[in-house]
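The structure appears below as structure tokens.
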Amino acid sequence: MRYHNITKDDMLNGDGLRVVLWVAGCAHCCPQCQNPVTWDPDGGLPFDGDAKKEVFDELEKSYISGITFSGGDPLYPTNQMDVAALAKEIKEKFPDKTIWLYTGSLWEEVCRNPVMQYVDVLVDGEFEVDKLDKQLHWKGSSNQRVIDVPKTLELGSVVLHCE
């Protein structure tokens, strides 16, 4: 897996203060995407031991609510296994921290992805510039959903995360 940035004390990409891992690789290529530099799966830097330590050092802080996987697309084919392994490790080491994940795919397309067992909140759907709404919490366009993954998996139908 490759990444472009690790953002610390982020308040825009999930609830609370978060660490955000911006991965490389996206096949959605949404018009007017805020991060087109992340589309190239060969861009950025290798996610190595130093980058992992940086993420875990942030998660050690009591005031950090959790991690958000964004990008790019954490569910881009070359990212899926690494993101799932990292999410699993984070959930085991920091069970009280939440894991958010942004993808251009729909829940119905990714609900069986192994990483979903570790994700607390999924923001799904491509960014659609004609549905842009800057008043929305945690998403850029009104077609996107902020999904409570554990409740959705339990009930078998989409449950939206309280905003």
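The way I read the labels, and the way they are meant: chains A, B, ... in the order of the structure tokens, residue 1 as the first residue of every chain, and ligand 1 as the first ligand shown, with later ones counted on from there.
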
Could you please write out, as a PDB file with N, CA, C and O atoms, in the first residue's frame, every residue of chain A that DSSP assigns to strand (DSSP E)?
ATOM      1  N   ARG A   2       0.394   2.260  -0.683  1.00  0.00           N
ATOM      2  CA  ARG A   2       1.087   3.538  -0.726  1.00  0.00           C
ATOM      3  C   ARG A   2       0.160   4.603  -0.145  1.00  0.00           C
ATOM      4  O   ARG A   2      -1.056   4.424  -0.126  1.00  0.00           O
ATOM      5  N   TYR A   3       0.753   5.687   0.334  1.00  0.00           N
ATOM      6  CA  TYR A   3      -0.056   6.735   0.936  1.00  0.00           C
ATOM      7  C   TYR A   3       0.532   8.100   0.603  1.00  0.00           C
ATOM      8  O   TYR A   3       1.698   8.217   0.229  1.00  0.00           O
ATOM      9  N   HIS A   4      -0.298   9.121   0.763  1.00  0.00           N
ATOM     10  CA  HIS A   4       0.136  10.488   0.477  1.00  0.00           C
ATOM     11  C   HIS A   4       0.378  11.310   1.728  1.00  0.00           C
ATOM     12  O   HIS A   4       1.227  12.183   1.734  1.00  0.00           O
ATOM     13  N   ASN A   5      -0.394  11.039   2.776  1.00  0.00           N
ATOM     14  CA  ASN A   5      -0.266  11.887   3.952  1.00  0.00           C
ATOM     15  C   ASN A   5      -0.873  11.181   5.160  1.00  0.00           C
ATOM     16  O   ASN A   5      -1.751  10.325   5.023  1.00  0.00           O
ATOM     17  N   ILE A   6      -0.409  11.582   6.322  1.00  0.00           N
ATOM     18  CA  ILE A   6      -1.011  11.201   7.597  1.00  0.00           C
ATOM     19  C   ILE A   6      -1.354  12.517   8.282  1.00  0.00           C
ATOM     20  O   ILE A   6      -0.462  13.296   8.622  1.00  0.00           O
ATOM     21  N   THR A   7      -2.641  12.788   8.419  1.00  0.00           N
ATOM     22  CA  THR A   7      -3.100  14.025   9.042  1.00  0.00           C
ATOM     23  C   THR A   7      -3.357  13.768  10.516  1.00  0.00           C
ATOM     24  O   THR A   7      -3.959  12.756  10.876  1.00  0.00           O
ATOM     25  N   LYS A   8      -2.919  14.694  11.339  1.00  0.00           N
ATOM     26  CA  LYS A   8      -3.082  14.557  12.792  1.00  0.00           C
ATOM     27  C   LYS A   8      -4.076  15.585  13.297  1.00  0.00           C
ATOM     28  O   LYS A   8      -4.193  16.677  12.755  1.00  0.00           O
ATOM     29  N   ASP A   9      -4.793  15.226  14.360  1.00  0.00           N
ATOM     30  CA  ASP A   9      -5.770  16.120  14.997  1.00  0.00           C
ATOM     31  C   ASP A   9      -6.795  16.661  14.001  1.00  0.00           C
ATOM     32  O   ASP A   9      -7.195  17.815  14.058  1.00  0.00           O
ATOM     33  N   ASP A  10      -7.248  15.804  13.097  1.00  0.00           N
ATOM     34  CA  ASP A  10      -8.211  16.167  12.067  1.00  0.00           C
ATOM     35  C   ASP A  10      -9.620  16.184  12.660  1.00  0.00           C
ATOM     36  O   ASP A  10     -10.003  15.262  13.381  1.00  0.00           O
ATOM     37  N   LEU A  17     -11.447  14.168  17.310  1.00  0.00           N
ATOM     38  CA  LEU A  17     -10.125  14.398  16.722  1.00  0.00           C
ATOM     39  C   LEU A  17      -9.592  13.063  16.226  1.00  0.00           C
ATOM     40  O   LEU A  17      -9.607  12.073  16.956  1.00  0.00           O
ATOM     41  N   ARG A  18      -9.093  13.048  14.995  1.00  0.00           N
ATOM     42  CA  ARG A  18      -8.728  11.792  14.362  1.00  0.00           C
ATOM     43  C   ARG A  18      -7.355  11.878  13.686  1.00  0.00           C
ATOM     44  O   ARG A  18      -6.883  12.963  13.362  1.00  0.00           O
ATOM     45  N   VAL A  19      -6.796  10.723  13.448  1.00  0.00           N
ATOM     46  CA  VAL A  19      -5.656  10.604  12.554  1.00  0.00           C
ATOM     47  C   VAL A  19      -6.242  10.099  11.230  1.00  0.00           C
ATOM     48  O   VAL A  19      -7.119   9.231  11.225  1.00  0.00           O
ATOM     49  N   VAL A  20      -5.794  10.684  10.125  1.00  0.00           N
ATOM     50  CA  VAL A  20      -6.317  10.297   8.814  1.00  0.00           C
ATOM     51  C   VAL A  20      -5.168   9.781   7.961  1.00  0.00           C
ATOM     52  O   VAL A  20      -4.134  10.451   7.819  1.00  0.00           O
ATOM     53  N   LEU A  21      -5.368   8.589   7.404  1.00  0.00           N
ATOM     54  CA  LEU A  21      -4.403   8.006   6.475  1.00  0.00           C
ATOM     55  C   LEU A  21      -4.961   8.168   5.069  1.00  0.00           C
ATOM     56  O   LEU A  21      -6.018   7.622   4.742  1.00  0.00           O
ATOM     57  N   TRP A  22      -4.260   8.965   4.260  1.00  0.00           N
ATOM     58  CA  TRP A  22      -4.673   9.257   2.889  1.00  0.00           C
ATOM     59  C   TRP A  22      -3.931   8.301   1.959  1.00  0.00           C
ATOM     60  O   TRP A  22      -2.759   8.510   1.660  1.00  0.00           O
ATOM     61  N   VAL A  23      -4.601   7.244   1.523  1.00  0.00           N
ATOM     62  CA  VAL A  23      -3.966   6.220   0.700  1.00  0.00           C
ATOM     63  C   VAL A  23      -3.949   6.617  -0.775  1.00  0.00           C
ATOM     64  O   VAL A  23      -4.720   7.474  -1.213  1.00  0.00           O
ATOM     65  N   LEU A  45       4.004   7.587  -1.123  1.00  0.00           N
ATOM     66  CA  LEU A  45       5.115   6.887  -0.471  1.00  0.00           C
ATOM     67  C   LEU A  45       4.685   5.485  -0.057  1.00  0.00           C
ATOM     68  O   LEU A  45       3.512   5.258   0.219  1.00  0.00           O
ATOM     69  N   PRO A  46       5.629   4.564   0.054  1.00  0.00           N
ATOM     70  CA  PRO A  46       5.270   3.239   0.577  1.00  0.00           C
ATOM     71  C   PRO A  46       4.846   3.360   2.050  1.00  0.00           C
ATOM     72  O   PRO A  46       5.469   4.090   2.822  1.00  0.00           O
ATOM     73  N   ILE A  64      -7.372  11.294  20.942  1.00  0.00           N
ATOM     74  CA  ILE A  64      -7.638  10.908  19.555  1.00  0.00           C
ATOM     75  C   ILE A  64      -8.768   9.878  19.540  1.00  0.00           C
ATOM     76  O   ILE A  64      -8.677   8.830  20.183  1.00  0.00           O
ATOM     77  N   SER A  65      -9.834  10.185  18.800  1.00  0.00           N
ATOM     78  CA  SER A  65     -11.021   9.320  18.751  1.00  0.00           C
ATOM     79  C   SER A  65     -10.804   8.065  17.914  1.00  0.00           C
ATOM     80  O   SER A  65     -11.456   7.053  18.143  1.00  0.00           O
ATOM     81  N   GLY A  66      -9.931   8.142  16.919  1.00  0.00           N
ATOM     82  CA  GLY A  66      -9.697   6.980  16.069  1.00  0.00           C
ATOM     83  C   GLY A  66      -9.006   7.360  14.780  1.00  0.00           C
ATOM     84  O   GLY A  66      -8.407   8.434  14.660  1.00  0.00           O
ATOM     85  N   ILE A  67      -9.124   6.456  13.820  1.00  0.00           N
ATOM     86  CA  ILE A  67      -8.478   6.644  12.521  1.00  0.00           C
ATOM     87  C   ILE A  67      -9.532   6.710  11.433  1.00  0.00           C
ATOM     88  O   ILE A  67     -10.585   6.077  11.530  1.00  0.00           O
ATOM     89  N   THR A  68      -9.230   7.489  10.414  1.00  0.00           N
ATOM     90  CA  THR A  68     -10.042   7.534   9.205  1.00  0.00           C
ATOM     91  C   THR A  68      -9.154   7.140   8.036  1.00  0.00           C
ATOM     92  O   THR A  68      -8.065   7.686   7.878  1.00  0.00           O
ATOM     93  N   PHE A  69      -9.634   6.179   7.253  1.00  0.00           N
ATOM     94  CA  PHE A  69      -8.967   5.796   6.011  1.00  0.00           C
ATOM     95  C   PHE A  69      -9.647   6.559   4.885  1.00  0.00           C
ATOM     96  O   PHE A  69     -10.856   6.454   4.701  1.00  0.00           O
ATOM     97  N   SER A  70      -8.860   7.334   4.134  1.00  0.00           N
ATOM     98  CA  SER A  70      -9.398   8.104   3.028  1.00  0.00           C
ATOM     99  C   SER A  70      -8.399   8.059   1.901  1.00  0.00           C
ATOM    100  O   SER A  70      -7.488   7.234   1.889  1.00  0.00           O
ATOM    101  N   GLY A  71      -8.520   8.944   0.959  1.00  0.00           N
ATOM    102  CA  GLY A  71      -7.552   8.928  -0.120  1.00  0.00           C
ATOM    103  C   GLY A  71      -7.971   9.817  -1.261  1.00  0.00           C
ATOM    104  O   GLY A  71      -8.585  10.846  -1.051  1.00  0.00           O
ATOM    105  N   THR A  98     -12.459   4.495  17.166  1.00  0.00           N
ATOM    106  CA  THR A  98     -13.314   4.170  16.026  1.00  0.00           C
ATOM    107  C   THR A  98     -12.528   4.204  14.722  1.00  0.00           C
ATOM    108  O   THR A  98     -11.540   4.928  14.588  1.00  0.00           O
ATOM    109  N   ILE A  99     -13.009   3.413  13.785  1.00  0.00           N
ATOM    110  CA  ILE A  99     -12.421   3.347  12.452  1.00  0.00           C
ATOM    111  C   ILE A  99     -13.471   3.818  11.452  1.00  0.00           C
ATOM    112  O   ILE A  99     -14.562   3.250  11.371  1.00  0.00           O
ATOM    113  N   TRP A 100     -13.133   4.882  10.732  1.00  0.00           N
ATOM    114  CA  TRP A 100     -13.968   5.402   9.655  1.00  0.00           C
ATOM    115  C   TRP A 100     -13.268   5.093   8.336  1.00  0.00           C
ATOM    116  O   TRP A 100     -12.027   5.061   8.270  1.00  0.00           O
ATOM    117  N   LEU A 101     -14.054   4.889   7.292  1.00  0.00           N
ATOM    118  CA  LEU A 101     -13.489   4.612   5.973  1.00  0.00           C
ATOM    119  C   LEU A 101     -14.336   5.306   4.908  1.00  0.00           C
ATOM    120  O   LEU A 101     -15.566   5.184   4.922  1.00  0.00           O
ATOM    121  N   TYR A 102     -13.672   6.028   4.020  1.00  0.00           N
ATOM    122  CA  TYR A 102     -14.320   6.689   2.888  1.00  0.00           C
ATOM    123  C   TYR A 102     -14.044   5.887   1.627  1.00  0.00           C
ATOM    124  O   TYR A 102     -12.899   5.512   1.360  1.00  0.00           O
ATOM    125  N   VAL A 121     -17.683   3.227  10.892  1.00  0.00           N
ATOM    126  CA  VAL A 121     -18.475   4.114  10.047  1.00  0.00           C
ATOM    127  C   VAL A 121     -17.894   4.112   8.636  1.00  0.00           C
ATOM    128  O   VAL A 121     -16.687   4.279   8.455  1.00  0.00           O
ATOM    129  N   LEU A 122     -18.784   3.931   7.659  1.00  0.00           N
ATOM    130  CA  LEU A 122     -18.406   3.958   6.248  1.00  0.00           C
ATOM    131  C   LEU A 122     -19.104   5.141   5.589  1.00  0.00           C
ATOM    132  O   LEU A 122     -20.317   5.303   5.732  1.00  0.00           O
ATOM    133  N   VAL A 123     -18.335   5.963   4.897  1.00  0.00           N
ATOM    134  CA  VAL A 123     -18.917   7.001   4.058  1.00  0.00           C
ATOM    135  C   VAL A 123     -18.804   6.481   2.634  1.00  0.00           C
ATOM    136  O   VAL A 123     -17.695   6.288   2.132  1.00  0.00           O
ATOM    137  N   ASP A 124     -19.957   6.197   2.028  1.00  0.00           N
ATOM    138  CA  ASP A 124     -19.951   5.545   0.718  1.00  0.00           C
ATOM    139  C   ASP A 124     -20.422   6.485  -0.376  1.00  0.00           C
ATOM    140  O   ASP A 124     -21.003   7.533  -0.116  1.00  0.00           O
ATOM    141  N   ARG A 145     -23.556   8.476   1.812  1.00  0.00           N
ATOM    142  CA  ARG A 145     -24.176   8.076   3.075  1.00  0.00           C
ATOM    143  C   ARG A 145     -23.102   7.874   4.137  1.00  0.00           C
ATOM    144  O   ARG A 145     -22.017   7.386   3.839  1.00  0.00           O
ATOM    145  N   VAL A 146     -23.435   8.231   5.368  1.00  0.00           N
ATOM    146  CA  VAL A 146     -22.573   8.007   6.527  1.00  0.00           C
ATOM    147  C   VAL A 146     -23.224   6.861   7.293  1.00  0.00           C
ATOM    148  O   VAL A 146     -24.233   7.040   7.967  1.00  0.00           O
ATOM    149  N   ILE A 147     -22.641   5.671   7.161  1.00  0.00           N
ATOM    150  CA  ILE A 147     -23.292   4.428   7.580  1.00  0.00           C
ATOM    151  C   ILE A 147     -22.685   3.880   8.868  1.00  0.00           C
ATOM    152  O   ILE A 147     -21.465   3.765   8.991  1.00  0.00           O
ATOM    153  N   ASP A 148     -23.538   3.536   9.794  1.00  0.00           N
ATOM    154  CA  ASP A 148     -23.136   2.829  11.023  1.00  0.00           C
ATOM    155  C   ASP A 148     -22.964   1.364  10.645  1.00  0.00           C
ATOM    156  O   ASP A 148     -23.943   0.629  10.482  1.00  0.00           O
TER     157      ASP A 148
END

Contacts of A:Gln34 at 10 Å (only C-alpha atoms; same-chain gap of 4+ positions) as an MDAnalysis selection string
chainID A and resid 30 38 71:72 127 140

For A:Pro77: contacts at 12 Å, only C-alpha atoms, fewer than 4 positions along chain excluded, given as a ChimeraX atom specification:
/A:1,23-27,41,72-73,81-84,103,105,110,113

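What separates atom CA of A:Glu60 from atom CA of A:Lys91 is a distance of 12.5 Å.
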